[in-house]
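Data first, discussion second: the structure below is written as structure tokens.
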Amino acid sequence: MKKKEIKKTFLKGLGLLGFLVLVCGLAFLLSGWAQYLFVEDVEHDVQASVKEEEAPKNLEEAVRAAVDFDHELDSYKPLKNDYKFYFTYKTVHPWWDAVALGMEDAQRQFLNKGINITYEYMAPTSASAEDQVRRLKEAEKAGYDVIGVDVADEDVISPVLDEMVDSGTKVITFSSSDAASGCKRIAYVGNTHNYEDGVDLTEALCEKLGYKGKVAILVGSKGAPCHEDRALGAKHTIAKYEGMQIVAVEYDMDSVDNAHELALKILDETPDLAGFVCCNMSNPVGAARAVTEKSSGAVIVGMDHDREALHYLEKGVIYCLGVQDCYSIGFDTLQLAVKIADGNLPGELFPEEKAEPTTIIYQNDAPLMLELLYGDIS
Amino acid sequence: MKSRITNKTFVLTAAIGSFMIMVTVIANTIWASRQTVTGTNEAVSAVSSFYLEAMADRRAKIITNLINNNFNQMQKVIDFIKEEGIEDQEALRRELGRMKSLLSLNRLALVDEDDIVYTQYSTYTGGSRHEFLADKKMKDRVISTVSVYGSSRQLCLAIPLKGLTLMGKPFKACFVQIDIDDIVDLLALDDEGRTHFALYSSTGGNLSDTELGPDILKNNIFEATRIAIPKSIWEGMQRDFVNGVDGTLTLKFDETEETLCYVPIPGTGWQMAILIRGSVIHDRIQAISESNLSFSRYQITFTLVALFVFGAILLWQLKVISATKLEAEKETSRAFLSMANTDSLTGIRNKHAFTEMENALNDRIRSGELKELAVVVCDINGLKHVNDTLGHAAGDKLIKDGSDLLCEHFKNGSVFRIGGDEFVVLLVGKGYETREESMRDLNRQVEANISTDEVVISIGCSTLEPGDEQLHDAFTRADQLMYDRKKELKSMGAKTRES
């Protein structure tokens, strides 16, 4: 009799346990489904966008994917043990310091494989096509394996590069500005979509402004292809909308102070300015400082990952920023240089143009981007 | 009146004394244990602070030593390079590589007056990358925290260069950069996760990417502790971080108490923070107390058992000793008694024994308890004559022979020598019943001895008669009968006192 009772109680307990498991399982399934729905909504809400690569699954992944710090060398086996490269870029600026870090990572990885790479990574303190020409000529004489250049002015530099290539020097372009179309440089790594970046940023601004209002465009260095292309994309976009008007186009020559002064001047001249389109890294910082000082309501869209600009983004002073993957540009540039130094040409081994992504981030993305790029010591 | 201490009193005193000592010891032990626990609890917070301060100081010194070592190494590099007379960039890279490897330095670089940075593998324009290059001329050593693009953080140590010209260009600085991750590895605590540490900037940002416990984690320490301490203390902590002052706080997250200690690392603007959960030290010390308490309990138990066993052994020994002593005393008493009651010549009981026996029997006779008793009075014939003629030895022999003869014939009686040649035999029980037969046999033997010149004993026997109040009544009658017999034997030729 007692045994029967025990058995009965045991079966009851087992039944209850089974019921609980079923309920929990159902709840788990429901929560998973709800989460799925929620995430989908978030994905629709966020406007983070990435070009040239498959769209990431959610907001955080999109922001994290904006800059890829986890690189490994591909399977290519260099033919030599020592390489000497020379790279020159537009101007001394934190944007190119970020590119330099990617290069250093690649150099370390090559060194771990027994390949010794030494290189120079030089720029003038202010952008100058003439200075770049001088540097290129000197580098050509020094006998580097490959010379890389971030073109300061495509009209001035492209012919020089052609001459160098004709004389047997291996030349590549990298980072933000390629040479003019038809230039004989061997390959390019970097932003291939500057015009589209300008279009995307400006579209975001126009949508925010309701497709009406006065807009000023701040550009970086005169003649710098990346800056000019973005400005062109901005101009074309604004021209599409009747209610919008460009009131100023100014060049800060990649100087924050210049950008600041120019923005103040524009705001003084046009107090009802509705927005700024900023085409380089220094523009948005200068514009944000001016907007803050003038308590202006002008909406700012701009480029790059300057820490101050990211803080302005976090505070809502800047509406959105197009962040380029500088680290990958640096890493891939050095890897490309080794292949080209070995006599390889674009084809199966590497494309003539290696595009690196630009991700547009908004206020909500700023803390994560600040953490990813700069950590929490600011 | 003098009171006597008996064994019982002694044992009782010992038992009560032992019990009281035992109770006192146990009470003392329990009191001491409780005091220890109370004292421990009070000491925990103080201990926590001291413990953490010591840990934080040690680790802060490790970083300070690291910084000083790197500065010293850099100076060696500069001295070496000055003497080498380097003329081209390749040679400079080579020497930098050699020095870096030789002195185990991290990123080692020289900077010329145009802010061009020279490292082992690269040369680059570094004006925007290194903040310490913002000043055209460096005046003093610089210790700065570098937040590298990619969120890794480094400690940058730079020293100004004076008079160093290489490749025709004056150089302005030498610097090294140390990954904070490498510093964190040096500071790792091997304490099974009981304490946590992190490095912070003056703004409370976590530099070391280490979790400061389960509540603060890697977050900004000011943001994370806002809810855990009163506002005034929280603001004080912020001031301490900015001013490079050390401090100790107790944080309370829900029900959990944590002790936080921070010390500045000179020159860096950093604060080394060490945190321990209040309960960790408390639990640890409590465990030790528990262990001690448990040990005390074992001690008490052991003491009790030992006392019990020891007491039992003592009591047993006391009992054995008492029994032995008692037995010895009895033996002595018996020996003395025996000596007092025994006739030394014949070995039979003497007059003293007879008197005692007579007293004892008299009580029984008076009470009517004893009704059947025969008293045989005996006297050896001719003892004086033997003594006088043959000497005392022969006399003694005669007495012994007489004694033996009496004992032989009165096996069931008590034979006493109450005088030189006088004996008394008391007969009760079987001896009383067989008295006639015994006397007949004795007399026959005595009569036979007359002719062989052996011992002759005259005996007279009387039994208790109604009206007798004491043994002496029967003795008197028996004594008379003995004299009658003596005369009879004399007539048979037995020797007398004179012959």
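As shown in the structure tokens, the chain order sets the letters A, B, ...; within each chain, residues go from 1, and ligands are also counted from 1 in the order they appear.
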Taking only residues of chain B that have an atom at most 12 Å from an atom of chain A, what is each one's shortest atom pair and its distance in Å to one decimal, using only C-alpha atoms, in chain and number order, as a tab-separated table?
residue	atom	partner	partner_atom	distance
B:Gln89	CA	A:Glu120	CA	10.6
B:Glu90	CA	A:Thr118	CA	9.4
B:Arg93	CA	A:Thr118	CA	9.1
B:Arg94	CA	A:Thr118	CA	11.0
B:Gly97	CA	A:Thr118	CA	11.8
B:Arg107	CA	A:Glu104	CA	11.5
B:Asp114	CA	A:Thr125	CA	9.7
B:Asp115	CA	A:Thr125	CA	10.0
B:Ile116	CA	A:Met122	CA	8.2
B:Val117	CA	A:Tyr121	CA	9.7
B:Tyr118	CA	A:Glu120	CA	9.2
B:Thr119	CA	A:Thr118	CA	9.5
B:Gln120	CA	A:Thr118	CA	7.9
B:Tyr121	CA	A:Thr118	CA	4.5
B:Ser122	CA	A:Tyr119	CA	4.8
B:Thr123	CA	A:Glu120	CA	4.6
B:Tyr124	CA	A:Tyr121	CA	4.5
B:Thr125	CA	A:Met122	CA	5.2
B:Gly126	CA	A:Val92	CA	7.4
B:Gly127	CA	A:Val92	CA	6.7
B:Ser128	CA	A:His93	CA	5.4
B:Arg129	CA	A:Asp97	CA	6.0
B:His130	CA	A:Asp97	CA	9.7
B:Glu131	CA	A:Pro94	CA	10.9
B:Thr145	CA	A:Ile377	CA	9.2
B:Val146	CA	A:Tyr374	CA	9.4
B:Ser147	CA	A:Tyr374	CA	5.7
B:Val148	CA	A:Tyr374	CA	6.4
B:Tyr149	CA	A:Leu373	CA	4.9
B:Gly150	CA	A:Leu373	CA	4.3
B:Ser151	CA	A:Tyr374	CA	4.3
B:Ser152	CA	A:Gly375	CA	7.2
B:Arg153	CA	A:Gly375	CA	7.9
B:Gln154	CA	A:Tyr374	CA	11.4
B:Leu199	CA	A:Ile377	CA	10.7
B:Tyr200	CA	A:Ile377	CA	8.1
B:Ser201	CA	A:Ile377	CA	6.2
B:Ser202	CA	A:Ile377	CA	8.4
B:Thr203	CA	A:Ile377	CA	6.7
B:Gly204	CA	A:Ile377	CA	7.3
B:Gly205	CA	A:Ile377	CA	4.4
B:Asn206	CA	A:Asp376	CA	6.5
B:Leu207	CA	A:Ile377	CA	6.9
B:Ser208	CA	A:Gly375	CA	10.4
B:Asp209	CA	A:Gly375	CA	9.2
B:Lys218	CA	A:Asp376	CA	9.5
B:Asn219	CA	A:Asp376	CA	8.3
B:Asn220	CA	A:Asp376	CA	7.3
B:Ile221	CA	A:Asp376	CA	10.7
B:Glu223	CA	A:Asp376	CA	11.8
B:Gly269	CA	A:Ile377	CA	11.6
B:Trp270	CA	A:Ile377	CA	10.7
Just to be explicit: take each residue in the selection above, keep N, CA and C atoms, and write the result as a compact mmCIF listing (two decimals), in the first residue's frame.
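Final output, part.txt:
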# COMPACT_ATOMS: atom_id res chain seq x y z
N GLN B 89 69.91 56.73 -41.81
CA GLN B 89 68.69 56.21 -41.20
C GLN B 89 68.75 54.70 -40.96
N GLU B 90 69.39 53.99 -41.87
CA GLU B 90 69.50 52.54 -41.71
C GLU B 90 70.26 52.19 -40.45
N ARG B 93 68.10 52.90 -37.42
CA ARG B 93 67.09 51.84 -37.21
C ARG B 93 67.74 50.61 -36.59
N ARG B 94 68.92 50.28 -37.11
CA ARG B 94 69.64 49.10 -36.61
C ARG B 94 69.95 49.26 -35.11
N GLY B 97 66.86 49.09 -32.94
CA GLY B 97 66.42 47.70 -32.80
C GLY B 97 67.27 46.95 -31.80
N ARG B 107 57.98 49.96 -27.50
CA ARG B 107 58.17 50.85 -28.65
C ARG B 107 59.17 51.95 -28.27
N ASP B 114 61.77 68.22 -36.50
CA ASP B 114 60.59 68.40 -37.36
C ASP B 114 59.46 67.43 -36.98
N ASP B 115 59.57 66.86 -35.82
CA ASP B 115 58.57 65.91 -35.31
C ASP B 115 58.49 64.63 -36.14
N ILE B 116 59.60 64.31 -36.78
CA ILE B 116 59.65 63.04 -37.51
C ILE B 116 60.13 61.97 -36.51
N VAL B 117 59.37 60.92 -36.47
CA VAL B 117 59.63 59.87 -35.48
C VAL B 117 60.39 58.72 -36.14
N TYR B 118 61.47 58.28 -35.47
CA TYR B 118 62.30 57.19 -36.00
C TYR B 118 62.17 55.99 -35.07
N THR B 119 61.69 54.88 -35.65
CA THR B 119 61.63 53.63 -34.88
C THR B 119 62.45 52.58 -35.60
N GLN B 120 62.47 51.39 -35.08
CA GLN B 120 63.28 50.33 -35.70
C GLN B 120 62.82 50.02 -37.12
N TYR B 121 61.51 50.09 -37.36
CA TYR B 121 61.00 49.67 -38.67
C TYR B 121 60.39 50.78 -39.50
N SER B 122 60.09 51.89 -38.87
CA SER B 122 59.41 52.94 -39.66
C SER B 122 59.89 54.33 -39.26
N THR B 123 59.66 55.23 -40.20
CA THR B 123 59.91 56.64 -39.94
C THR B 123 58.63 57.36 -40.33
N TYR B 124 58.11 58.18 -39.45
CA TYR B 124 56.83 58.80 -39.78
C TYR B 124 56.72 60.19 -39.17
N THR B 125 55.87 61.00 -39.79
CA THR B 125 55.61 62.33 -39.24
C THR B 125 54.60 62.16 -38.10
N GLY B 126 55.04 62.53 -36.89
CA GLY B 126 54.24 62.16 -35.72
C GLY B 126 53.61 63.30 -34.97
N GLY B 127 53.59 64.47 -35.58
CA GLY B 127 53.08 65.65 -34.87
C GLY B 127 51.67 65.47 -34.34
N SER B 128 50.81 64.83 -35.12
CA SER B 128 49.42 64.68 -34.69
C SER B 128 49.20 63.42 -33.85
N ARG B 129 50.18 62.52 -33.91
CA ARG B 129 49.99 61.24 -33.23
C ARG B 129 50.44 61.28 -31.77
N HIS B 130 51.44 62.05 -31.49
CA HIS B 130 51.98 62.07 -30.12
C HIS B 130 51.77 63.44 -29.49
N GLU B 131 50.95 63.46 -28.48
CA GLU B 131 50.57 64.74 -27.88
C GLU B 131 51.74 65.50 -27.30
N THR B 145 49.29 59.26 -20.90
CA THR B 145 48.51 58.09 -21.28
C THR B 145 48.03 58.28 -22.70
N VAL B 146 48.30 57.29 -23.50
CA VAL B 146 47.92 57.40 -24.91
C VAL B 146 46.77 56.45 -25.18
N SER B 147 45.71 57.02 -25.69
CA SER B 147 44.59 56.17 -26.08
C SER B 147 44.67 55.97 -27.59
N VAL B 148 45.13 54.80 -27.93
CA VAL B 148 45.41 54.54 -29.34
C VAL B 148 44.11 54.18 -30.06
N TYR B 149 44.00 54.66 -31.29
CA TYR B 149 42.87 54.31 -32.15
C TYR B 149 42.74 52.78 -32.16
N GLY B 150 41.59 52.30 -31.75
CA GLY B 150 41.42 50.86 -31.59
C GLY B 150 41.23 50.53 -30.14
N SER B 151 41.15 51.56 -29.32
CA SER B 151 40.83 51.50 -27.89
C SER B 151 41.90 50.87 -27.01
N SER B 152 43.04 50.49 -27.60
CA SER B 152 44.10 50.02 -26.70
C SER B 152 44.78 51.26 -26.11
N ARG B 153 45.33 51.06 -24.91
CA ARG B 153 45.90 52.22 -24.22
C ARG B 153 47.35 51.95 -23.87
N GLN B 154 48.12 53.01 -23.94
CA GLN B 154 49.54 52.85 -23.68
C GLN B 154 50.03 53.96 -22.75
N LEU B 199 43.19 50.14 -13.04
CA LEU B 199 43.85 51.44 -13.13
C LEU B 199 42.86 52.44 -13.70
N TYR B 200 42.86 53.62 -13.14
CA TYR B 200 41.89 54.62 -13.58
C TYR B 200 42.60 55.93 -13.94
N SER B 201 41.98 56.62 -14.89
CA SER B 201 42.43 57.98 -15.20
C SER B 201 41.80 58.91 -14.18
N SER B 202 42.21 60.15 -14.20
CA SER B 202 41.68 61.11 -13.22
C SER B 202 40.19 61.35 -13.43
N THR B 203 39.70 61.00 -14.63
CA THR B 203 38.27 61.17 -14.87
C THR B 203 37.47 59.92 -14.52
N GLY B 204 38.16 58.92 -13.97
CA GLY B 204 37.46 57.71 -13.53
C GLY B 204 37.35 56.65 -14.60
N GLY B 205 37.94 56.90 -15.75
CA GLY B 205 37.88 55.90 -16.83
C GLY B 205 38.79 54.73 -16.52
N ASN B 206 38.34 53.53 -16.87
CA ASN B 206 39.12 52.32 -16.62
C ASN B 206 40.20 52.19 -17.69
N LEU B 207 41.46 52.23 -17.27
CA LEU B 207 42.58 52.16 -18.21
C LEU B 207 43.05 50.73 -18.43
N SER B 208 42.85 49.90 -17.42
CA SER B 208 43.46 48.57 -17.45
C SER B 208 42.58 47.51 -18.09
N ASP B 209 41.32 47.87 -18.36
CA ASP B 209 40.38 46.91 -18.93
C ASP B 209 40.21 45.69 -18.02
N LYS B 218 33.96 47.06 -15.52
CA LYS B 218 34.95 47.88 -16.23
C LYS B 218 34.46 49.31 -16.42
N ASN B 219 33.37 49.63 -15.77
CA ASN B 219 32.77 50.94 -15.99
C ASN B 219 33.58 52.07 -15.35
N ASN B 220 33.22 53.27 -15.73
CA ASN B 220 33.79 54.45 -15.11
C ASN B 220 33.50 54.36 -13.60
N ILE B 221 34.54 54.51 -12.82
CA ILE B 221 34.38 54.25 -11.38
C ILE B 221 33.44 55.26 -10.72
N GLU B 223 30.84 56.74 -12.18
CA GLU B 223 29.47 56.41 -12.57
C GLU B 223 28.99 55.18 -11.79
N GLY B 269 49.12 60.44 -13.31
CA GLY B 269 47.72 60.89 -13.24
C GLY B 269 46.78 59.72 -13.06
N TRP B 270 47.35 58.54 -12.82
CA TRP B 270 46.52 57.35 -12.64
C TRP B 270 46.24 57.11 -11.16
Q.
List as a list of chain:residue names the protein and nucleic acid residues near region 397-407 of chain B, meaning an atom at most 7 Å away when only C-alpha atoms are counted, but skip any in the same chain fewer than 6 places from it.
A. B:Thr346, B:Ile380, B:Val415, B:Asp421, B:Val455, B:Ile457
Identify, on the basis of only C-alpha atoms, every residue whose closest approach to region 309-322 of chain B does not exceed 9 Å; exclude the query and any residue fewer than 3 positions from it along the same chain; express the result as a PDB file with N, CA and C atoms, in the first residue's frame.
ATOM      1  N   ASN B   7      38.650   9.463  53.703  1.00  0.00           N
ATOM      2  CA  ASN B   7      38.863   9.252  52.277  1.00  0.00           C
ATOM      3  C   ASN B   7      37.736   9.858  51.467  1.00  0.00           C
ATOM      4  N   VAL B  11      38.093  12.531  48.508  1.00  0.00           N
ATOM      5  CA  VAL B  11      37.621  12.274  47.139  1.00  0.00           C
ATOM      6  C   VAL B  11      36.596  13.327  46.731  1.00  0.00           C
ATOM      7  N   ALA B  15      36.926  15.859  43.702  1.00  0.00           N
ATOM      8  CA  ALA B  15      35.935  15.854  42.617  1.00  0.00           C
ATOM      9  C   ALA B  15      35.359  17.246  42.416  1.00  0.00           C
ATOM     10  N   SER B  18      38.042  19.538  40.987  1.00  0.00           N
ATOM     11  CA  SER B  18      38.271  19.251  39.565  1.00  0.00           C
ATOM     12  C   SER B  18      37.140  19.797  38.725  1.00  0.00           C
ATOM     13  N   LEU B 304      37.878  17.131  29.014  1.00  0.00           N
ATOM     14  CA  LEU B 304      36.866  16.421  29.801  1.00  0.00           C
ATOM     15  C   LEU B 304      37.160  14.932  29.866  1.00  0.00           C
ATOM     16  N   VAL B 305      37.426  14.380  28.669  1.00  0.00           N
ATOM     17  CA  VAL B 305      37.692  12.938  28.606  1.00  0.00           C
ATOM     18  C   VAL B 305      38.945  12.610  29.395  1.00  0.00           C
ATOM     19  N   ALA B 306      39.974  13.472  29.173  1.00  0.00           N
ATOM     20  CA  ALA B 306      41.242  13.239  29.860  1.00  0.00           C
ATOM     21  C   ALA B 306      41.042  13.323  31.372  1.00  0.00           C
ATOM     22  N   LYS B 325      47.046  -0.563  51.716  1.00  0.00           N
ATOM     23  CA  LYS B 325      47.429  -0.063  53.041  1.00  0.00           C
ATOM     24  C   LYS B 325      46.613  -0.757  54.140  1.00  0.00           C
ATOM     25  N   LEU B 326      45.330  -0.855  53.814  1.00  0.00           N
ATOM     26  CA  LEU B 326      44.431  -1.489  54.784  1.00  0.00           C
ATOM     27  C   LEU B 326      44.861  -2.928  55.077  1.00  0.00           C
ATOM     28  N   GLU B 327      45.190  -3.588  53.988  1.00  0.00           N
ATOM     29  CA  GLU B 327      45.620  -4.988  54.110  1.00  0.00           C
ATOM     30  C   GLU B 327      46.903  -5.073  54.924  1.00  0.00           C
TER      31      GLU B 327
END
Q: Excluding region 355-367 of chain B and residues on its chain fewer than 6 positions from it, collect all residues at most 8 Å away from it, counting only C-alpha atoms, and give them as a PyMOL selection string.
A: chain B and resi 468-471
Q.
Can you pull out every residue from region 134-175 of chain A that DSSP, working from the backbone, puts in alpha helix (DSSP H), and format the result as a list of chain:residue names?
A.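 The alpha helix (DSSP H) subset of region 134-175 of chain A is A:Arg134, A:Arg135, A:Leu136, A:Lys137, A:Glu138, A:Ala139, A:Glu140, A:Lys141, A:Ala142, A:Glu154, A:Asp155, A:Val156, A:Ile157, A:Ser158, A:Pro159, A:Val160, A:Leu161, A:Asp162, A:Glu163, A:Met164, A:Val165, A:Asp166.
We find CA of Thr250 (chain B) and CA of Trp234 (chain B) to be spaced 10.9 Å apart.
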Q. CA of Tyr83 (chain A) and CA of Gly182 (chain A), how far apart in Å?
A.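 Atom-to-atom, CA of Gly182 (chain A) and CA of Tyr83 (chain A) are spaced 27.8 Å apart.
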Q: From a DSSP pass on the backbone, collect the residues of region 40-161 of chain A flagged as strand (DSSP E or B) and hand them back as a PyMOL selection string.
A: chain A and resi 49-50+82-88+116-122+146-149
Q | Test item: residues at most 12 Å from Val165 (chain A), only C-alpha atoms, excluding those fewer than 3 positions along its chain, as a list in words | A |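 The neighbour list is Leu136, Lys137, Glu140, Val146, Ile147, Gly148, Ser158, Pro159, Val160, Leu161, Asp162, Gly168, Thr169, Lys170, Val171, Ile172, Cys183, Lys184, Arg185, Ile186 and Ala187 of chain A.
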Q. Nearest to Cys378 (chain B): which of B:Arg485, B:Arg435, B:His196, B:His352 is it, counting only C-alpha atoms?
A. B:Arg485
**Q.** Pick from A:Gln324, A:Gln245, A:Ser282, A:Asn364 nearest to Leu262 (chain A), counting only C-alpha atoms
**A.**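 Residue with the minimum atom-to-atom distance to Leu262 (chain A): A:Ser282.
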Q | Selection near Glu130 (chain A), 10 Å with only C-alpha atoms, sequence-local residues under 6 positions removed, as number ranges by chain | A | A: 136, 152-153, 156-157
Save out the residues we just selected, C-alpha atoms, as a JSON list (two decimals), in the first residue's frame.
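Wrote it out as part.json, contents follow:
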[["chain", "number", "residue", "atom", "x", "y", "z"],
["A", 136, "LEU", "CA", 57.75, 61.69, -54.54],
["A", 152, "ALA", "CA", 46.81, 65.60, -52.56],
["A", 153, "ASP", "CA", 45.65, 66.97, -55.90],
["A", 156, "VAL", "CA", 49.01, 67.83, -60.16],
["A", 157, "ILE", "CA", 50.01, 64.43, -58.86]]
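Using only C-alpha atoms, the nearest neighbour of Phe50 (chain B) within the list B:Asn387, B:Thr259, B:Ser294, B:Thr38 is B:Thr259.
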Q. Got a sec: who's within 9 Å of Asp379 (chain B), counting only C-alpha atoms, leaving out chain neighbours fewer than 2 positions off, as a list in words?
A. Val377, Asn381, Gly402, Gly420, Asp421, Glu422, Phe423, Val424, Val456, Ile457, Ser458, Ile459, Met482, Tyr483 and Lys486 of chain B
